[in-house]
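Asks: Just coords-v8.txt, nothing more (compact mmCIF, C-alpha atoms):
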# COMPACT_ATOMS: atom_id res chain seq x y z
CA LYS A 1 0.00 0.00 0.00
CA ALA A 2 1.18 3.50 -0.70
CA GLY A 3 1.83 5.61 2.36
CA VAL A 4 0.42 8.95 3.33
CA THR A 5 1.33 11.62 0.82
CA GLN A 6 1.47 15.35 1.37
CA THR A 7 1.82 18.18 -1.10
CA PRO A 8 3.63 20.40 -1.46
CA ARG A 9 6.70 19.25 0.46
CA TYR A 10 8.12 22.75 0.81
CA LEU A 11 6.46 26.14 0.71
CA ILE A 12 7.62 29.70 1.21
CA LYS A 13 5.04 32.40 1.84
CA THR A 14 5.04 35.93 3.16
CA ARG A 15 3.15 37.33 6.12
CA GLY A 16 -0.50 37.98 5.44
CA GLN A 17 -0.81 35.41 2.69
CA GLN A 18 -2.84 32.25 2.96
CA VAL A 19 -1.81 28.68 2.23
CA THR A 20 -3.50 25.36 1.50
CA LEU A 21 -1.82 22.06 2.24
CA SER A 22 -3.01 18.72 0.94
CA CYS A 23 -2.94 15.22 2.38
CA SER A 24 -3.86 11.89 0.81
CA PRO A 25 -4.31 9.13 3.41
CA ILE A 26 -3.46 5.48 3.06
CA SER A 27 -6.06 3.74 0.92
CA GLY A 28 -8.95 2.62 3.10
CA HIS A 29 -8.14 4.99 5.97
CA ARG A 30 -10.99 7.32 6.81
CA SER A 31 -9.46 9.35 9.61
CA VAL A 32 -7.02 12.17 8.91
CA SER A 33 -5.31 14.26 11.59
CA TRP A 34 -3.11 17.31 11.22
CA TYR A 35 -0.23 18.31 13.48
CA GLN A 36 2.11 21.27 13.65
CA GLN A 37 5.70 20.54 14.60
CA THR A 38 8.09 23.26 15.71
CA PRO A 39 11.37 23.03 17.63
CA GLY A 40 9.95 25.03 20.51
CA GLN A 41 6.45 23.56 20.83
CA GLY A 42 6.93 19.99 19.66
CA LEU A 43 4.03 18.17 18.02
CA GLN A 44 0.78 20.07 18.43
CA PHE A 45 -2.57 18.60 17.40
CA LEU A 46 -4.54 20.79 15.01
CA PHE A 47 -7.66 18.80 14.11
CA GLU A 48 -8.96 15.43 13.05
CA TYR A 49 -11.47 14.53 10.36
CA PHE A 50 -13.43 11.34 9.98
CA SER A 51 -15.90 10.75 7.16
CA GLU A 52 -15.81 14.41 6.15
CA THR A 53 -16.64 15.61 9.68
CA GLN A 54 -14.31 17.33 12.10
CA ARG A 55 -14.13 14.99 15.07
CA ASN A 56 -11.58 16.75 17.27
CA LYS A 57 -9.96 20.13 17.37
CA GLY A 58 -6.82 21.44 19.03
CA ASN A 59 -6.15 24.84 20.54
CA PHE A 60 -5.29 26.82 17.45
CA PRO A 61 -6.81 30.12 16.28
CA GLY A 62 -9.56 30.21 13.70
CA ARG A 63 -7.01 31.09 11.00
CA PHE A 64 -6.33 27.36 10.89
CA SER A 65 -9.06 25.37 9.21
CA GLY A 66 -9.44 22.09 7.45
CA ARG A 67 -11.76 19.89 5.53
CA GLN A 68 -12.05 16.35 4.29
CA PHE A 69 -13.45 15.15 1.00
CA SER A 70 -15.55 12.10 0.23
CA ASN A 71 -12.44 10.21 -0.92
CA SER A 72 -10.87 10.89 2.54
CA ARG A 73 -8.31 13.32 1.13
CA SER A 74 -7.90 16.30 3.39
CA GLU A 75 -6.75 19.88 3.11
CA MET A 76 -5.78 22.38 5.74
CA ASN A 77 -5.78 26.10 5.23
CA VAL A 78 -3.99 28.83 7.11
CA SER A 79 -5.12 32.37 6.44
CA THR A 80 -3.30 35.61 7.24
CA LEU A 81 0.01 33.89 7.80
CA GLU A 82 2.23 34.98 10.67
CA LEU A 83 5.96 34.42 11.15
CA GLY A 84 5.15 32.00 13.96
CA ASP A 85 3.29 29.72 11.56
CA SER A 86 6.61 28.55 10.13
CA ALA A 87 6.68 24.86 10.93
CA LEU A 88 6.51 21.33 9.64
CA TYR A 89 2.87 20.40 9.09
CA LEU A 90 2.28 16.70 9.41
CA CYS A 91 -0.73 14.76 8.30
CA ALA A 92 -1.53 11.34 9.75
CA SER A 93 -4.13 8.81 8.74
CA SER A 94 -5.60 5.93 10.66
CA ALA A 95 -7.92 3.06 9.89
CA ALA A 96 -9.78 2.48 13.14
CA ARG A 97 -13.28 3.79 13.60
CA ARG A 98 -12.74 4.16 17.36
CA THR A 99 -10.20 6.89 17.95
CA SER A 100 -9.14 5.46 21.28
CA THR A 101 -7.42 2.50 19.70
CA ASP A 102 -6.10 3.77 16.41
CA THR A 103 -2.49 4.34 15.47
CA GLN A 104 -1.31 7.20 13.35
CA TYR A 105 0.54 6.76 10.06
CA PHE A 106 2.33 9.98 9.28
CA GLY A 107 3.14 11.54 5.95
CA PRO A 108 6.48 13.21 5.19
CA GLY A 109 5.13 16.65 6.06
CA THR A 110 5.02 20.05 4.42
CA ARG A 111 7.74 22.46 5.50
CA LEU A 112 6.18 25.93 5.57
CA THR A 113 8.39 29.00 5.86
CA VAL A 114 6.76 32.37 6.42
CA LEU A 115 8.94 35.40 5.61
CA GLY B 1 -5.67 20.81 29.62
CA GLN B 2 -3.80 17.57 29.37
CA GLN B 3 -0.01 17.82 29.42
CA VAL B 4 2.45 15.10 28.60
CA MET B 5 6.06 15.67 29.58
CA GLN B 6 9.08 13.59 28.71
CA ILE B 7 12.46 13.46 30.33
CA PRO B 8 15.18 13.86 29.50
CA GLN B 9 14.85 16.29 26.61
CA TYR B 10 18.20 15.18 25.20
CA GLN B 11 20.33 12.11 25.80
CA HIS B 12 23.78 11.38 24.44
CA VAL B 13 25.03 7.85 24.95
CA GLN B 14 27.97 5.78 23.86
CA GLU B 15 27.09 3.05 21.43
CA GLY B 16 26.31 -0.07 23.41
CA GLU B 17 25.02 1.77 26.47
CA ASP B 18 21.41 1.60 27.58
CA PHE B 19 18.89 4.43 27.18
CA THR B 20 15.64 5.24 28.94
CA THR B 21 13.06 7.94 28.34
CA TYR B 22 10.20 8.66 30.72
CA CYS B 23 6.78 9.99 29.90
CA ASN B 24 4.48 11.59 32.49
CA SER B 25 0.90 12.71 31.98
CA SER B 26 -0.99 15.21 34.11
CA THR B 27 -4.12 13.06 33.73
CA THR B 28 -4.97 9.36 33.60
CA LEU B 29 -4.64 7.92 30.12
CA SER B 30 -6.80 5.37 28.33
CA ASN B 31 -3.78 4.23 26.36
CA ILE B 32 -0.34 5.37 25.35
CA GLN B 33 1.55 5.10 22.10
CA TRP B 34 5.22 5.51 21.27
CA TYR B 35 6.66 6.94 18.07
CA LYS B 36 10.16 7.38 16.70
CA GLN B 37 11.19 10.22 14.42
CA ARG B 38 14.53 9.96 12.65
CA PRO B 39 16.35 13.21 11.84
CA GLY B 40 14.65 14.80 8.84
CA GLY B 41 11.88 12.20 8.92
CA HIS B 42 8.38 11.85 10.21
CA PRO B 43 7.09 10.05 13.31
CA VAL B 44 6.73 6.30 12.92
CA PHE B 45 4.49 4.27 15.21
CA LEU B 46 6.31 1.83 17.47
CA ILE B 47 3.79 0.40 19.91
CA GLN B 48 0.60 0.94 21.90
CA LEU B 49 0.03 0.07 25.56
CA VAL B 50 -3.46 -0.17 26.99
CA LYS B 51 -3.48 -2.09 30.27
CA SER B 52 -2.29 -0.84 33.64
CA GLY B 53 1.21 -2.17 34.34
CA GLU B 54 1.58 -3.53 30.82
CA VAL B 55 5.07 -4.36 29.57
CA LYS B 56 5.85 -5.04 25.93
CA LYS B 57 9.14 -5.84 24.23
CA GLN B 58 10.36 -5.35 20.70
CA LYS B 59 13.85 -6.83 20.38
CA ARG B 60 16.06 -4.41 22.35
CA LEU B 61 13.17 -2.04 23.19
CA THR B 62 11.07 -2.46 26.34
CA PHE B 63 7.93 -0.38 26.86
CA GLN B 64 6.11 -0.05 30.16
CA PHE B 65 2.79 1.53 31.18
CA GLY B 66 2.48 2.58 34.78
CA GLU B 67 0.03 1.08 37.23
CA ALA B 68 -1.84 4.36 37.53
CA LYS B 69 -1.82 4.81 33.73
CA LYS B 70 -0.23 8.24 34.10
CA ASN B 71 3.31 7.38 33.12
CA SER B 72 5.26 5.24 30.73
CA SER B 73 8.83 4.45 29.85
CA LEU B 74 10.85 3.24 26.90
CA HIS B 75 14.12 1.44 27.55
CA ILE B 76 16.62 0.54 24.85
CA THR B 77 19.27 -2.02 25.69
CA ALA B 78 22.71 -1.82 24.06
CA THR B 79 22.01 1.14 21.78
CA GLN B 80 23.05 1.09 18.14
CA THR B 81 23.56 3.93 15.68
CA THR B 82 20.23 3.03 14.09
CA ASP B 83 18.49 4.06 17.33
CA VAL B 84 19.28 7.74 16.70
CA GLY B 85 16.19 9.92 16.62
CA THR B 86 13.53 11.55 18.75
CA TYR B 87 11.21 9.32 20.73
CA PHE B 88 7.71 10.60 21.46
CA CYS B 89 5.05 9.20 23.69
CA ALA B 90 1.44 10.10 22.91
CA GLY B 91 -1.54 9.60 25.14
CA ARG B 92 -5.29 9.89 25.12
CA ASN B 93 -7.53 10.77 28.04
CA PHE B 94 -10.67 8.85 28.80
CA GLY B 95 -13.48 10.65 27.04
CA ASN B 96 -11.17 13.01 25.19
CA GLU B 97 -10.02 11.44 22.01
CA LYS B 98 -7.34 13.96 21.15
CA LEU B 99 -3.91 12.41 20.94
CA THR B 100 -1.49 14.51 22.97
CA PHE B 101 2.15 14.06 22.14
CA GLY B 102 4.88 14.30 24.71
CA THR B 103 7.72 16.77 24.39
CA GLY B 104 10.04 14.11 23.00
CA THR B 105 13.51 12.84 23.90
CA ARG B 106 16.23 13.26 21.32
CA LEU B 107 18.74 10.42 21.40
CA THR B 108 22.18 10.77 19.87
CA ILE B 109 24.72 7.97 19.78
CA ILE B 110 28.45 8.47 20.15
CA PRO B 111 30.16 5.74 18.07
Can you turn what I pasted into structure tokens?
Replies:
Amino acid sequence: KAGVTQTPRYLIKTRGQQVTLSCSPISGHRSVSWYQQTPGQGLQFLFEYFSETQRNKGNFPGRFSGRQFSNSRSEMNVSTLELGDSALYLCASSAARRTSTDTQYFGPGTRLTVL
Amino acid sequence: GQQVMQIPQYQHVQEGEDFTTYCNSSTTLSNIQWYKQRPGGHPVFLIQLVKSGEVKKQKRLTFQFGEAKKNSSLHITATQTTDVGTYFCAGRNFGNEKLTFGTGTRLTIIP
């Protein structure tokens, strides 16, 4: 099976712009989660989607949003970019219907740099 | 909110020495998972522990879940250069399905 894929792998934006990142989960996986990874804050949970519905949400401002399509592919959007949004954005998919037992399969990430 | 701390933050060991990282949650967990992230890579799932006091082994790696389900540890025996990376624990609360990652322990090996 192909793994989780994320596009683009690298992105450079300027403050105030918006960005859309894409994630394709492992075939058959219906849950997609997004994480932000920075050296200072570690891995921070952004949100999780299951069957096109947001199931969980982390403590990020409303500038961060996401969605999931009927084929389980997911996108996340960050509007009005700030310097502090520079990070590695990781997408993870899982197969289990019950979130309490699933394991996360991570994609390679999108490295976002905000100038 | 839930916090998951790991110690130490960094660990440098000679090849062949043992290594242990500890994970402590501010709340009781329903289960805990461990991930490894190689430099420049992405986190890769290692194992999940569910039962109080559970111990699982994978070759040179031993994982333990505390009796109170608030802490966990990962022990590597006789480290090798392939063990280099950052080890994260990740836990879920009962009733809160968000997966909270620990702060991570970065392991470097001195050949």
Asks: If the cut-off is 12 Å, can you tell me the residues of chain B near chain A, counting only C-alpha atoms? I'd like them as a PyMOL selection string.
Replies: chain B and resi 1-6+9+29-50+86-106
Asks: What does the file look like for those residues with C-alpha atoms, as a PDB file, in the frame of the given file?
Replies:
ATOM      1  CA  GLY B   1      -5.670  20.810  29.620  1.00  0.00           C
ATOM      2  CA  GLN B   2      -3.800  17.570  29.370  1.00  0.00           C
ATOM      3  CA  GLN B   3      -0.010  17.820  29.420  1.00  0.00           C
ATOM      4  CA  VAL B   4       2.450  15.100  28.600  1.00  0.00           C
ATOM      5  CA  MET B   5       6.060  15.670  29.580  1.00  0.00           C
ATOM      6  CA  GLN B   6       9.080  13.590  28.710  1.00  0.00           C
ATOM      7  CA  GLN B   9      14.850  16.290  26.610  1.00  0.00           C
ATOM      8  CA  LEU B  29      -4.640   7.920  30.120  1.00  0.00           C
ATOM      9  CA  SER B  30      -6.800   5.370  28.330  1.00  0.00           C
ATOM     10  CA  ASN B  31      -3.780   4.230  26.360  1.00  0.00           C
ATOM     11  CA  ILE B  32      -0.340   5.370  25.350  1.00  0.00           C
ATOM     12  CA  GLN B  33       1.550   5.100  22.100  1.00  0.00           C
ATOM     13  CA  TRP B  34       5.220   5.510  21.270  1.00  0.00           C
ATOM     14  CA  TYR B  35       6.660   6.940  18.070  1.00  0.00           C
ATOM     15  CA  LYS B  36      10.160   7.380  16.700  1.00  0.00           C
ATOM     16  CA  GLN B  37      11.190  10.220  14.420  1.00  0.00           C
ATOM     17  CA  ARG B  38      14.530   9.960  12.650  1.00  0.00           C
ATOM     18  CA  PRO B  39      16.350  13.210  11.840  1.00  0.00           C
ATOM     19  CA  GLY B  40      14.650  14.800   8.840  1.00  0.00           C
ATOM     20  CA  GLY B  41      11.880  12.200   8.920  1.00  0.00           C
ATOM     21  CA  HIS B  42       8.380  11.850  10.210  1.00  0.00           C
ATOM     22  CA  PRO B  43       7.090  10.050  13.310  1.00  0.00           C
ATOM     23  CA  VAL B  44       6.730   6.300  12.920  1.00  0.00           C
ATOM     24  CA  PHE B  45       4.490   4.270  15.210  1.00  0.00           C
ATOM     25  CA  LEU B  46       6.310   1.830  17.470  1.00  0.00           C
ATOM     26  CA  ILE B  47       3.790   0.400  19.910  1.00  0.00           C
ATOM     27  CA  GLN B  48       0.600   0.940  21.900  1.00  0.00           C
ATOM     28  CA  LEU B  49       0.030   0.070  25.560  1.00  0.00           C
ATOM     29  CA  VAL B  50      -3.460  -0.170  26.990  1.00  0.00           C
ATOM     30  CA  THR B  86      13.530  11.550  18.750  1.00  0.00           C
ATOM     31  CA  TYR B  87      11.210   9.320  20.730  1.00  0.00           C
ATOM     32  CA  PHE B  88       7.710  10.600  21.460  1.00  0.00           C
ATOM     33  CA  CYS B  89       5.050   9.200  23.690  1.00  0.00           C
ATOM     34  CA  ALA B  90       1.440  10.100  22.910  1.00  0.00           C
ATOM     35  CA  GLY B  91      -1.540   9.600  25.140  1.00  0.00           C
ATOM     36  CA  ARG B  92      -5.290   9.890  25.120  1.00  0.00           C
ATOM     37  CA  ASN B  93      -7.530  10.770  28.040  1.00  0.00           C
ATOM     38  CA  PHE B  94     -10.670   8.850  28.800  1.00  0.00           C
ATOM     39  CA  GLY B  95     -13.480  10.650  27.040  1.00  0.00           C
ATOM     40  CA  ASN B  96     -11.170  13.010  25.190  1.00  0.00           C
ATOM     41  CA  GLU B  97     -10.020  11.440  22.010  1.00  0.00           C
ATOM     42  CA  LYS B  98      -7.340  13.960  21.150  1.00  0.00           C
ATOM     43  CA  LEU B  99      -3.910  12.410  20.940  1.00  0.00           C
ATOM     44  CA  THR B 100      -1.490  14.510  22.970  1.00  0.00           C
ATOM     45  CA  PHE B 101       2.150  14.060  22.140  1.00  0.00           C
ATOM     46  CA  GLY B 102       4.880  14.300  24.710  1.00  0.00           C
ATOM     47  CA  THR B 103       7.720  16.770  24.390  1.00  0.00           C
ATOM     48  CA  GLY B 104      10.040  14.110  23.000  1.00  0.00           C
ATOM     49  CA  THR B 105      13.510  12.840  23.900  1.00  0.00           C
ATOM     50  CA  ARG B 106      16.230  13.260  21.320  1.00  0.00           C
TER      51      ARG B 106
END
Asks: Applying 10 Å and all atoms listed in the file, which residues near Thr14 (chain A) remain after dropping the ones on its own chain fewer than 6 positions away? List them as a list in words.
Replies: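 Contacts, with the query itself left out: Thr80, Leu81, Glu82, Leu83, Thr113, Val114 and Leu115 of chain A.
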Asks: Taking (-7.1, 7.2, 5.3) in the file's coordinates as the center, which residues reach within 10 Å of it, counting all atoms listed in the file, put as a PyMOL selection string?
Replies: chain A and resi 3-4+23-33+49-51+71-74+92-96+104-105
Asks: Please compute the CA of Phe19 (chain B)-CA of Gly66 (chain B) distance, one decimal, in Å.
Replies: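 Spanning CA of Phe19 (chain B) to CA of Gly66 (chain B) is a straight-line distance of 18.2 Å.
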Asks: For CA of Thr27 (chain B) and CA of Ser73 (chain B), quote the distance in Å rounded to one decimal.
Replies: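 Distance reported for this atom pair: 16.0 Å.
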Asks: Excluding Ala68 (chain B) and its own-chain neighbours fewer than 2 positions away, which residues fall within 9 Å of it when counting all atoms listed in the file? Please give them as a PyMOL selection string.
Replies: chain B and resi 28-29+52-53+65-66+70-71
Asks: Grab the CA of Val84 (chain B) to CA of Pro8 (chain B) distance for me, in Å with one decimal place.
Replies: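 CA of Pro8 (chain B) lies at a distance of 14.8 Å from CA of Val84 (chain B).
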Asks: Would you kindly return, as a VMD selection string, each protein, DNA or RNA residue with an atom no farther than 12 Å from any atom of Asp85 (chain A), considering all atoms listed in the file and excluding same-chain residues fewer than 6 positions away?
Replies: chain A and resid 11 to 19 36 to 38 41 60 to 61 63 to 64 77 to 79 111 to 115
Asks: Those selected residues, please, written with C-alpha atoms and delivered as a CSV table (one decimal), in the coordinates of the input.
Replies:
chain,number,residue,atom,x,y,z
A,11,LEU,CA,6.5,26.1,0.7
A,12,ILE,CA,7.6,29.7,1.2
A,13,LYS,CA,5.0,32.4,1.8
A,14,THR,CA,5.0,35.9,3.2
A,15,ARG,CA,3.2,37.3,6.1
A,16,GLY,CA,-0.5,38.0,5.4
A,17,GLN,CA,-0.8,35.4,2.7
A,18,GLN,CA,-2.8,32.2,3.0
A,19,VAL,CA,-1.8,28.7,2.2
A,36,GLN,CA,2.1,21.3,13.6
A,37,GLN,CA,5.7,20.5,14.6
A,38,THR,CA,8.1,23.3,15.7
A,41,GLN,CA,6.4,23.6,20.8
A,60,PHE,CA,-5.3,26.8,17.4
A,61,PRO,CA,-6.8,30.1,16.3
A,63,ARG,CA,-7.0,31.1,11.0
A,64,PHE,CA,-6.3,27.4,10.9
A,77,ASN,CA,-5.8,26.1,5.2
A,78,VAL,CA,-4.0,28.8,7.1
A,79,SER,CA,-5.1,32.4,6.4
A,111,ARG,CA,7.7,22.5,5.5
A,112,LEU,CA,6.2,25.9,5.6
A,113,THR,CA,8.4,29.0,5.9
A,114,VAL,CA,6.8,32.4,6.4
A,115,LEU,CA,8.9,35.4,5.6
